[in-house]
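> query-v1.cif (mmCIF, C-alpha atoms and all ligand atoms) pasted underneath:
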```cif
data_start
loop_
_atom_site.group_PDB
_atom_site.id
_atom_site.type_symbol
_atom_site.label_atom_id
_atom_site.label_comp_id
_atom_site.auth_asym_id
_atom_site.auth_seq_id
_atom_site.Cartn_x
_atom_site.Cartn_y
_atom_site.Cartn_z
ATOM 1 C CA MET F 50 126.076 100.198 123.466
ATOM 2 C CA SER F 51 126.224 102.164 120.246
ATOM 3 C CA GLU F 52 123.208 102.027 117.965
ATOM 4 C CA GLY F 53 123.216 99.907 114.833
ATOM 5 C CA THR F 54 123.150 101.352 111.349
ATOM 6 C CA VAL F 55 119.777 102.097 109.788
ATOM 7 C CA ILE F 56 119.097 102.266 106.076
ATOM 8 C CA LEU F 57 116.009 104.394 105.500
ATOM 9 C CA LYS F 58 114.542 104.163 102.011
ATOM 10 C CA LEU F 59 111.947 106.774 101.120
ATOM 11 C CA GLY F 60 109.818 105.852 98.145
ATOM 12 C CA GLY F 61 109.323 108.116 95.177
ATOM 13 C CA SER F 62 105.613 107.888 95.998
ATOM 14 C CA VAL F 63 106.312 109.741 99.238
ATOM 15 C CA ILE F 64 108.735 112.485 98.252
ATOM 16 C CA THR F 65 107.278 113.328 94.820
ATOM 17 C CA PHE F 66 103.830 113.641 93.298
ATOM 18 C CA LYS F 67 103.843 110.482 91.235
ATOM 19 C CA ASP F 68 101.216 111.715 88.793
ATOM 20 C CA GLY F 69 103.074 114.937 88.014
ATOM 21 C CA PHE F 70 106.237 115.375 86.005
ATOM 22 C CA MET F 71 109.353 116.095 88.039
ATOM 23 C CA GLU F 72 107.284 117.456 90.884
ATOM 24 C CA ALA F 73 108.704 117.087 94.387
ATOM 25 C CA ASN F 74 106.513 117.059 97.512
ATOM 26 C CA PRO F 75 108.177 119.710 99.703
ATOM 27 C CA ALA F 76 105.695 119.405 102.593
ATOM 28 C CA SER F 77 106.264 115.669 102.838
ATOM 29 C CA LEU F 78 110.029 116.142 102.602
ATOM 30 C CA SER F 79 110.288 118.757 105.300
ATOM 31 C CA ARG F 80 108.075 116.744 107.695
ATOM 32 C CA LEU F 81 110.192 113.638 107.095
ATOM 33 C CA ALA F 82 113.414 115.599 107.528
ATOM 34 C CA SER F 83 112.147 116.845 110.881
ATOM 35 C CA GLU F 84 111.181 113.293 111.943
ATOM 36 C CA ILE F 85 114.666 112.115 110.970
ATOM 37 C CA HIS F 86 116.149 114.942 113.008
ATOM 38 C CA GLU F 87 113.952 114.191 116.024
ATOM 39 C CA ALA F 88 114.809 110.478 115.922
ATOM 40 C CA GLY F 89 118.491 111.359 116.260
ATOM 41 C CA ARG F 90 119.945 108.087 114.937
ATOM 42 C CA GLU F 91 123.733 108.081 114.983
ATOM 43 C CA LYS F 92 124.289 106.060 111.842
ATOM 44 C CA LEU F 93 121.737 106.621 109.154
ATOM 45 C CA VAL F 94 121.943 106.088 105.410
ATOM 46 C CA LEU F 95 119.147 107.579 103.384
ATOM 47 C CA VAL F 96 118.130 106.170 100.005
ATOM 48 C CA HIS F 97 115.328 107.616 97.936
ATOM 49 C CA GLY F 98 113.363 106.570 94.902
ATOM 50 C CA GLY F 99 112.649 108.494 91.731
ATOM 51 C CA GLY F 100 108.875 108.885 91.549
ATOM 52 C CA SER F 101 107.927 111.473 88.957
ATOM 53 C CA PHE F 102 111.607 112.421 88.456
ATOM 54 C CA GLY F 103 112.803 108.985 87.435
ATOM 55 C CA HIS F 104 110.089 106.692 86.157
ATOM 56 C CA PRO F 105 108.368 108.640 83.354
ATOM 57 C CA LEU F 106 111.667 109.501 81.619
ATOM 58 C CA ALA F 107 113.148 106.041 82.188
ATOM 59 C CA PHE F 108 110.002 104.616 80.638
ATOM 60 C CA LYS F 109 110.063 107.029 77.699
ATOM 61 C CA TYR F 110 113.619 106.082 76.723
ATOM 62 C CA LYS F 111 113.052 102.380 77.527
ATOM 63 C CA LEU F 112 116.047 102.402 79.830
ATOM 64 C CA HIS F 113 114.838 99.239 81.601
ATOM 65 C CA GLU F 114 115.652 97.328 78.390
ATOM 66 C CA GLY F 115 119.355 98.247 78.616
ATOM 67 C CA PHE F 116 121.392 99.804 75.821
ATOM 68 C CA ARG F 117 119.741 99.205 72.434
ATOM 69 C CA ASP F 118 120.417 102.408 70.483
ATOM 70 C CA TYR F 119 122.187 105.738 70.760
ATOM 71 C CA GLY F 120 118.915 107.609 71.210
ATOM 72 C CA GLN F 121 118.688 106.100 74.689
ATOM 73 C CA LEU F 122 121.897 107.816 75.764
ATOM 74 C CA GLU F 123 120.004 111.069 75.911
ATOM 75 C CA GLY F 124 117.625 109.261 78.279
ATOM 76 C CA PHE F 125 120.547 108.037 80.408
ATOM 77 C CA SER F 126 121.734 111.651 80.729
ATOM 78 C CA ARG F 127 118.285 113.084 81.346
ATOM 79 C CA VAL F 128 117.163 110.556 83.941
ATOM 80 C CA HIS F 129 120.457 110.982 85.721
ATOM 81 C CA LEU F 130 120.133 114.769 85.724
ATOM 82 C CA ALA F 131 116.528 114.548 86.942
ATOM 83 C CA MET F 132 117.580 112.276 89.794
ATOM 84 C CA ARG F 133 120.375 114.623 90.786
ATOM 85 C CA LYS F 134 117.856 117.449 90.936
ATOM 86 C CA LEU F 135 115.615 115.397 93.218
ATOM 87 C CA ASN F 136 118.602 114.342 95.325
ATOM 88 C CA ARG F 137 119.542 117.975 95.768
ATOM 89 C CA ILE F 138 116.015 118.800 96.957
ATOM 90 C CA VAL F 139 116.139 115.899 99.437
ATOM 91 C CA VAL F 140 119.574 116.876 100.766
ATOM 92 C CA GLU F 141 118.495 120.516 101.105
ATOM 93 C CA SER F 142 115.438 119.454 103.136
ATOM 94 C CA ILE F 143 117.679 117.501 105.494
ATOM 95 C CA LEU F 144 120.177 120.346 105.829
ATOM 96 C CA ALA F 145 117.340 122.754 106.605
ATOM 97 C CA GLN F 146 116.784 120.730 109.809
ATOM 98 C CA GLY F 147 120.385 121.239 110.841
ATOM 99 C CA LEU F 148 121.440 117.686 110.015
ATOM 100 C CA LYS F 149 124.590 116.881 108.065
ATOM 101 C CA ALA F 150 123.995 115.086 104.782
ATOM 102 C CA VAL F 151 125.873 114.539 101.529
ATOM 103 C CA GLY F 152 124.368 113.302 98.261
ATOM 104 C CA ILE F 153 126.112 110.286 96.735
ATOM 105 C CA GLN F 154 125.750 109.557 93.059
ATOM 106 C CA PRO F 155 125.333 105.783 92.499
ATOM 107 C CA SER F 156 126.337 105.948 88.818
ATOM 108 C CA SER F 157 129.869 106.922 89.804
ATOM 109 C CA CYS F 158 130.447 104.304 92.496
ATOM 110 C CA VAL F 159 128.341 101.302 91.403
ATOM 111 C CA ILE F 160 128.643 98.927 88.476
ATOM 112 C CA THR F 161 125.981 96.310 87.798
ATOM 113 C CA ARG F 162 125.948 93.093 85.754
ATOM 114 C CA SER F 163 122.581 92.352 84.172
ATOM 115 C CA GLY F 164 120.959 94.751 86.580
ATOM 116 C CA ARG F 165 122.517 93.363 89.755
ATOM 117 C CA ILE F 166 125.151 95.266 91.760
ATOM 118 C CA GLU F 167 128.546 93.739 91.022
ATOM 119 C CA ARG F 168 130.836 96.330 92.592
ATOM 120 C CA PHE F 169 130.063 99.220 94.893
ATOM 121 C CA GLU F 170 132.795 101.483 96.245
ATOM 122 C CA THR F 171 131.389 102.138 99.692
ATOM 123 C CA THR F 172 134.529 103.437 101.427
ATOM 124 C CA PRO F 173 133.664 107.158 101.100
ATOM 125 C CA LEU F 174 130.130 106.451 102.298
ATOM 126 C CA GLU F 175 131.393 104.475 105.304
ATOM 127 C CA LYS F 176 133.820 107.249 106.165
ATOM 128 C CA MET F 177 130.976 109.778 106.061
ATOM 129 C CA LEU F 178 128.929 107.620 108.424
ATOM 130 C CA GLU F 179 131.861 107.447 110.837
ATOM 131 C CA LEU F 180 132.087 111.225 110.768
ATOM 132 C CA GLY F 181 128.397 111.579 111.566
ATOM 133 C CA ILE F 182 127.213 112.540 108.089
ATOM 134 C CA THR F 183 124.121 110.979 106.517
ATOM 135 C CA PRO F 184 124.902 109.774 102.983
ATOM 136 C CA VAL F 185 121.898 110.264 100.693
ATOM 137 C CA LEU F 186 121.738 107.880 97.716
ATOM 138 C CA TYR F 187 119.036 107.350 95.138
ATOM 139 C CA GLY F 188 117.794 105.043 92.416
ATOM 140 C CA ASP F 189 119.849 105.859 89.322
ATOM 141 C CA VAL F 190 120.850 104.719 85.838
ATOM 142 C CA VAL F 191 124.246 103.080 86.219
ATOM 143 C CA PRO F 192 126.830 101.512 83.877
ATOM 144 C CA ASP F 193 126.210 97.791 83.413
ATOM 145 C CA LEU F 194 128.831 95.245 82.311
ATOM 146 C CA GLU F 195 126.373 93.255 80.152
ATOM 147 C CA ARG F 196 123.661 95.701 79.164
ATOM 148 C CA GLY F 197 125.586 98.956 78.759
ATOM 149 C CA PHE F 198 123.501 100.558 81.436
ATOM 150 C CA SER F 199 120.828 99.519 83.866
ATOM 151 C CA ILE F 200 118.257 101.043 86.129
ATOM 152 C CA LEU F 201 119.339 100.491 89.696
ATOM 153 C CA SER F 202 116.440 100.858 92.108
ATOM 154 C CA GLY F 203 116.691 102.513 95.488
ATOM 155 C CA ASP F 204 115.327 99.253 96.894
ATOM 156 C CA GLN F 205 118.267 97.243 95.550
ATOM 157 C CA ILE F 206 120.692 99.840 96.936
ATOM 158 C CA ALA F 207 118.976 99.703 100.345
ATOM 159 C CA SER F 208 119.110 95.912 100.463
ATOM 160 C CA TYR F 209 122.732 95.777 99.296
ATOM 161 C CA LEU F 210 123.864 98.381 101.826
ATOM 162 C CA GLY F 211 121.873 96.667 104.556
ATOM 163 C CA ILE F 212 124.046 93.601 104.036
ATOM 164 C CA ARG F 213 127.312 95.370 103.284
ATOM 165 C CA LEU F 214 127.108 97.706 106.281
ATOM 166 C CA ASN F 215 125.771 94.976 108.531
ATOM 167 C CA ALA F 216 122.800 97.204 109.292
ATOM 168 C CA GLU F 217 120.412 96.602 112.139
ATOM 169 C CA TRP F 218 117.383 97.832 110.206
ATOM 170 C CA ILE F 219 116.184 98.568 106.734
ATOM 171 C CA ILE F 220 113.140 100.817 106.989
ATOM 172 C CA LEU F 221 111.090 101.230 103.854
ATOM 173 C CA GLY F 222 108.876 104.288 103.841
ATOM 174 C CA THR F 223 106.184 104.000 101.192
ATOM 175 C CA ASP F 224 102.641 105.248 100.512
ATOM 176 C CA VAL F 225 100.729 102.308 101.997
ATOM 177 C CA ASP F 226 100.804 100.961 105.575
ATOM 178 C CA GLY F 227 102.984 97.950 104.756
ATOM 179 C CA LEU F 228 102.766 94.650 102.933
ATOM 180 C CA TYR F 229 99.206 93.478 102.382
ATOM 181 C CA THR F 230 97.676 90.246 101.183
ATOM 182 C CA GLY F 231 96.873 92.124 97.924
ATOM 183 C CA ASP F 232 97.322 95.630 96.506
ATOM 184 C CA PRO F 233 95.449 97.767 99.053
ATOM 185 C CA LYS F 234 94.775 100.422 96.421
ATOM 186 C CA ARG F 235 92.805 97.969 94.327
ATOM 187 C CA ASP F 236 91.590 95.359 96.735
ATOM 188 C CA PRO F 237 89.539 96.681 99.669
ATOM 189 C CA GLU F 238 89.653 93.208 101.238
ATOM 190 C CA ALA F 239 93.463 93.197 101.367
ATOM 191 C CA LYS F 240 94.782 92.768 104.913
ATOM 192 C CA LEU F 241 97.909 94.266 106.408
ATOM 193 C CA LEU F 242 100.518 91.684 107.354
ATOM 194 C CA GLU F 243 101.953 92.992 110.628
ATOM 195 C CA LYS F 244 104.682 90.450 111.197
ATOM 196 C CA VAL F 245 106.137 88.041 108.670
ATOM 197 C CA THR F 246 109.029 85.619 108.758
ATOM 198 C CA LEU F 247 111.150 84.729 105.768
ATOM 199 C CA ASP F 248 109.363 81.412 105.227
ATOM 200 C CA GLY F 249 105.986 83.091 105.435
ATOM 201 C CA LEU F 250 107.154 85.773 103.046
ATOM 202 C CA LYS F 251 108.249 83.275 100.430
ATOM 203 C CA ARG F 252 104.802 81.662 100.583
ATOM 204 C CA ILE F 253 103.080 85.023 100.205
ATOM 205 C CA ILE F 254 105.179 86.172 97.255
ATOM 206 C CA ASP F 255 103.368 84.037 94.710
ATOM 207 C CA GLU F 256 100.054 85.494 95.816
ATOM 208 C CA ILE F 257 101.114 89.153 95.724
ATOM 209 C CA GLY F 258 101.569 89.512 91.992
ATOM 210 C CA GLU F 259 103.077 92.592 90.401
ATOM 211 C CA SER F 260 101.785 96.129 90.779
ATOM 212 C CA SER F 261 100.804 97.443 87.373
ATOM 213 C CA THR F 262 101.550 101.126 88.034
ATOM 214 C CA LEU F 263 103.820 102.988 85.622
ATOM 215 C CA ASP F 264 106.841 101.966 87.570
ATOM 216 C CA VAL F 265 109.812 100.326 85.924
ATOM 217 C CA THR F 266 110.986 98.896 89.245
ATOM 218 C CA LYS F 267 107.754 96.972 89.893
ATOM 219 C CA GLY F 268 106.066 98.286 93.062
ATOM 220 C CA MET F 269 105.785 96.254 96.252
ATOM 221 C CA TYR F 270 106.572 92.938 94.569
ATOM 222 C CA GLY F 271 109.942 94.240 93.350
ATOM 223 C CA LYS F 272 110.695 95.619 96.806
ATOM 224 C CA ILE F 273 110.091 92.332 98.563
ATOM 225 C CA MET F 274 112.180 90.411 96.030
ATOM 226 C CA GLU F 275 115.035 92.864 96.584
ATOM 227 C CA LEU F 276 114.820 92.647 100.358
ATOM 228 C CA ILE F 277 114.989 88.873 100.669
ATOM 229 C CA PRO F 278 118.823 88.596 100.580
ATOM 230 C CA ALA F 279 119.120 91.168 103.382
ATOM 231 C CA ILE F 280 116.458 89.425 105.472
ATOM 232 C CA GLU F 281 118.295 86.127 104.926
ATOM 233 C CA LYS F 282 121.400 87.754 106.392
ATOM 234 C CA GLY F 283 119.464 88.770 109.514
ATOM 235 C CA VAL F 284 118.799 92.448 108.729
ATOM 236 C CA LYS F 285 115.428 93.409 110.226
ATOM 237 C CA VAL F 286 113.024 95.045 107.794
ATOM 238 C CA LEU F 287 110.153 97.348 108.603
ATOM 239 C CA ILE F 288 107.768 98.710 105.966
ATOM 240 C CA VAL F 289 105.814 101.792 107.072
ATOM 241 C CA ASN F 290 103.609 104.448 105.553
ATOM 242 C CA ALA F 291 105.886 107.488 105.305
ATOM 243 C CA LYS F 292 102.967 109.661 104.239
ATOM 244 C CA GLU F 293 101.502 109.325 107.720
ATOM 245 C CA ARG F 294 102.981 111.586 110.384
ATOM 246 C CA ASP F 295 105.363 110.014 112.938
ATOM 247 C CA ARG F 296 105.464 106.519 111.439
ATOM 248 C CA VAL F 297 109.045 107.028 110.221
ATOM 249 C CA LEU F 298 109.936 108.701 113.530
ATOM 250 C CA LYS F 299 108.654 105.714 115.523
ATOM 251 C CA ALA F 300 110.324 103.259 113.159
ATOM 252 C CA LEU F 301 113.664 105.057 113.534
ATOM 253 C CA ARG F 302 113.289 104.943 117.315
ATOM 254 C CA SER F 303 112.429 101.226 117.169
ATOM 255 C CA GLU F 304 109.072 101.999 118.794
ATOM 256 C CA LYS F 305 105.901 100.084 118.072
ATOM 257 C CA VAL F 306 104.347 101.380 114.872
ATOM 258 C CA ARG F 307 101.736 100.324 112.338
ATOM 259 C CA GLY F 308 103.542 98.569 109.510
ATOM 260 C CA THR F 309 104.997 95.239 108.406
ATOM 261 C CA LEU F 310 107.903 93.809 110.344
ATOM 262 C CA ILE F 311 109.863 91.166 108.456
ATOM 263 C CA LEU F 312 112.304 88.999 110.361
ATOM 264 C CA ARG F 313 114.469 86.038 109.343
ATOM 265 C CA SER F 314 112.691 83.715 111.763
HETATM 266 P P1 LIG K 401 107.573 103.588 96.346
HETATM 267 O O1 LIG K 401 107.413 104.640 95.289
HETATM 268 O O2 LIG K 401 107.183 104.047 97.720
HETATM 269 O O3 LIG K 401 108.893 102.915 96.342
HETATM 270 P P2 LIG K 401 105.918 101.736 94.816
HETATM 271 O O4 LIG K 401 104.852 102.576 94.188
HETATM 272 O O5 LIG K 401 107.047 101.261 93.970
HETATM 273 O O6 LIG K 401 106.464 102.470 96.115
HETATM 274 O O7 LIG K 401 105.275 100.463 95.518
HETATM 275 C C1 LIG K 401 104.282 100.618 96.506
HETATM 276 C C2 LIG K 401 102.937 100.294 95.881
HETATM 277 O O8 LIG K 401 102.835 98.895 95.694
HETATM 278 C C3 LIG K 401 101.784 100.655 96.796
HETATM 279 O O9 LIG K 401 101.354 101.979 96.579
HETATM 280 C C4 LIG K 401 100.700 99.629 96.401
HETATM 281 O O10 LIG K 401 99.688 100.198 95.596
HETATM 282 C C5 LIG K 401 101.451 98.598 95.564
HETATM 283 N N1 LIG K 401 101.219 97.227 95.989
HETATM 284 C C6 LIG K 401 100.997 96.190 95.153
HETATM 285 N N2 LIG K 401 100.817 95.061 95.832
HETATM 286 C C7 LIG K 401 100.915 95.365 97.148
HETATM 287 C C8 LIG K 401 100.833 94.595 98.374
HETATM 288 N N3 LIG K 401 100.616 93.280 98.359
HETATM 289 N N4 LIG K 401 100.997 95.232 99.550
HETATM 290 C C9 LIG K 401 101.246 96.558 99.586
HETATM 291 N N5 LIG K 401 101.347 97.334 98.464
HETATM 292 C C10 LIG K 401 101.187 96.753 97.263
#
```
With the file now loaded, output its structure as C-alpha cells.
Ligand code: ADP


Amino acid sequence: MSEGTVILKLGGSVITFKDGFMEANPASLSRLASEIHEAGREKLVLVHGGGSFGHPLAFKYKLHEGFRDYGQLEGFSRVHLAMRKLNRIVVESILAQGLKAVGIQPSSCVITRSGRIERFETTPLEKMLELGITPVLYGDVVPDLERGFSILSGDQIASYLGIRLNAEWIILGTDVDGLYTGDPKRDPEAKLLEKVTLDGLKRIIDEIGESSTLDVTKGMYGKIMELIPAIEKGVKVLIVNAKERDRVLKALRSEKVRGTLILRS
C-alpha cells in the first residue's frame, strides 16, 4: 500500500534564531534535511514558519492589523522578501541532501477573507507531489478580501493542506517536546500531554492561555486552534521537538517518539 501524505511544519523557532534578526539556523536546517532524507517519505509537503525573518518586521509594520495605511505596504513587501529569503535557505538545505524540493509562494496562490484561507490554488503543488517533488511553503503576508492583506501562518497552511490533500499526518516540529498543561518555558510544573483526543483537547484549550512571546501568530495556543479542523476531519497530528535529534525522523517513520499525539477519538 502506498504511504499517505505527510505535512511537516517546521516552526520558526527551530529553523531560525528567534532572538536575532533574520538569522537562520543552518546547523538545525541541515540536520533536519538529513532526517527528512533518511525518512524517505514518498509524499511530503514541507511548511515552515517565519521566526526572526517574519515576526519582527510583521510586528513593526503592524501587518496583523490588516491594511490601515500606505506605510504598511513597505512592510508587506519587506516581510514577503524576508520570507522568500528564508524559504530559499530551507529549499537549499533540502537540495543539499539530494532531495527534490520547490519553494511555493503562498501570496501568489492563496487569498484569505478576514485572515482565513478562502481560495488556494493547489493544483501545481499536487502535481509536484505526484512527480515526487517536495513543495516547500511558508507563513506569508497574503492578499485578503476584507482586510487588504493578512498574515497567513504556516500553521493555518499546514492544517488547510492536511484537509485538502487528505493527509495521513500533520507533524508539527517546534522547540518544546509537545503540548503541555502550561507553557513549559515558564511553568516548571507543566506536564507533557502524550496522547490527547479532540474532546480532551477542547477541554484543555481554556487552560492553556496564550503565549506572550513576540509572535503575531500566537504560539502554541494559535497552533492548536488552527489544527482542530484537520483533527476533526481525521488527520492525525503529532507535535514533536524538532530541535532534538531524530524526533522528526521517528515521527516521519511513524515510530514511537516523545511528543503529543492528537487523534479525533
Ligand atoms: P514555532 O515557532 O515552533 O511555530 P511558537 O513559538 O509559535 O512555535 O510556539 C511554541 C511555543 O509555545 C513554545 O516554545 C512554548 O514556549 C509556547 N507554549 C505556550 N503554551 C504552551 C503549552 N501549553 N504547551 C507547549 N508550549 C507552549

> Would you mind listing the residues within 6 Å of ligand LIG 401 (chain K), counting all atoms listed in the file, as a list in words?

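Within the 6 Å cut-off, the matching residues are Gly60, Gly61, Ser62, Val63, Gly98, Gly100, Thr223, Asp224, Val225, Gly227, Leu228, Tyr229, Thr230, Gly231, Asp232, Pro233, Lys234, Ile257, Ser260, Lys267, Gly268 and Met269 of chain F.
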
> For the structure provided, state which residues fall under the PyMOL selection byres (((chain F and resi 77-82) around 8) and not hetatm), and present them as a list in words.

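Answer for the PyMOL selection byres (((chain F and resi 77-82) around 8) and not hetatm): Val63, Ile64, Asn74, Pro75, Ala76, Ser83, Glu84, Ile85, His86, Val139, Ser142, Ile143, Gln146, Ala291, Lys292, Arg294 and Val297 of chain F.
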
> Near Gly249 in chain F, within 10 Å and counting only C-alpha atoms, which residues show up once chain neighbours fewer than 2 positions away are dropped, as a list of chain:residue names?

F:Lys244, F:Val245, F:Thr246, F:Leu247, F:Lys251, F:Arg252, F:Ile253, F:Ile254, F:Ile311, F:Leu312, F:Arg313, F:Ser314

> Could you state the separation of CA of Gly271 in chain F and CA of Glu217 in chain F in Å, given to one decimal place?

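According to the coordinates, CA of Gly271 in chain F and CA of Glu217 in chain F are separated by 21.6 Å.
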
> Between F:Pro237, F:Ala131, F:Leu112, F:Ile138, which one has atoms that come closest to Val191 in chain F, using all atoms listed in the file?

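The answer is F:Leu112, which sits nearest to Val191 in chain F.
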
> Report, in Å with one decimal, the straight-line distance from CA of Gly147 in chain F to CA of Gly181 in chain F.

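These atoms are spaced 12.6 Å apart.
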
> When distances are computed from all atoms listed in the file, which of F:Ala73, F:Leu301, F:Asp204, F:Phe125 shows the smallest separation from Val55 in chain F?

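Distance minimum relative to Val55 in chain F lands on F:Leu301.
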
> Do you know which residues are at most 8 Å from Leu287 in chain F counting all atoms listed in the file, after dropping those on the same chain fewer than 2 positions away, and could you put them as an NGL selection string?

:F and (218-221 or 285 or 289 or 300 or 308-311)

> Which residue is closest to Ile206 in chain F? Choose from F:Arg133, F:His104, F:His113, F:Lys272 and count only C-alpha atoms.

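Ranking F:Arg133, F:His104, F:His113, F:Lys272 by distance to Ile206 in chain F, first place goes to F:Lys272.
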
> I want to know what sits within 8 Å of range 168-175 of chain F, based on only C-alpha atoms, with residues of the same chain fewer than 3 positions away left out; could you give that as an mmCIF file with C-alpha atoms, keeping the file's coordinate frame?


```
data_model
loop_
_atom_site.group_PDB
_atom_site.id
_atom_site.type_symbol
_atom_site.label_atom_id
_atom_site.label_comp_id
_atom_site.auth_asym_id
_atom_site.auth_seq_id
_atom_site.Cartn_x
_atom_site.Cartn_y
_atom_site.Cartn_z
ATOM 1 C CA ILE F 153 126.112 110.286 96.735
ATOM 2 C CA CYS F 158 130.447 104.304 92.496
ATOM 3 C CA VAL F 159 128.341 101.302 91.403
ATOM 4 C CA ILE F 160 128.643 98.927 88.476
ATOM 5 C CA THR F 161 125.981 96.310 87.798
ATOM 6 C CA LEU F 178 128.929 107.620 108.424
ATOM 7 C CA GLU F 179 131.861 107.447 110.837
ATOM 8 C CA PRO F 184 124.902 109.774 102.983
#
```

> Please return, as a list of chain:residue names, all polymer residues that have at least one atom within 8 Å of the point (114.2, 106.3, 103.1); use all atoms listed in the file and the file's own coordinate frame.

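Every residue inside that radius is included here: F:Ile56, F:Leu57, F:Lys58, F:Leu59, F:Gly60, F:Leu95, F:Val96, F:His97, F:Ile220, F:Leu221, F:Gly222.
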
> Using Å and a single decimal, report how far CA of Leu148 in chain F sits from CA of Thr183 in chain F.

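Atom-to-atom, CA of Thr183 in chain F and CA of Leu148 in chain F are spaced 8.0 Å apart.
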
> Closest to Asp189 in chain F among F:Leu135, F:Ala279, F:Met274, F:Val128, using only C-alpha atoms?

F:Val128

> Box time for range 119-131 of chain F: axis-aligned, enclosing all its listed atoms, 5 Å extra on each side; report centre and edge lengths in Å to one decimal, as lines of an AutoDock Vina configuration file.


```
center_x = 119.4
center_y = 110.3
center_z = 78.9
size_x = 15.7
size_y = 19.0
size_z = 26.2
```

> Would you please work out which residue, of F:Ile200, F:Ile273, F:Val151, F:Ile288, is nearest to Leu180 in chain F when using all atoms listed in the file?

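Using all atoms listed in the file, Leu180 in chain F sits closest to F:Val151.
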
> When the PyMOL selection byres (((chain F and resi 114) around 12) and not hetatm) is applied to the structure above, which residues does it catch, written out as number ranges by chain?

F: 107-113, 115-118, 121, 125, 163-164, 190, 193, 195-200, 265-266

> Rank F:Gly203, F:Gly103, F:Gly89, F:Gly188 by their smallest atom-to-atom distance to Phe66 in chain F, using all atoms listed in the file, and report the top residue only.

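Result for the nearest residue to Phe66 in chain F: F:Gly103.
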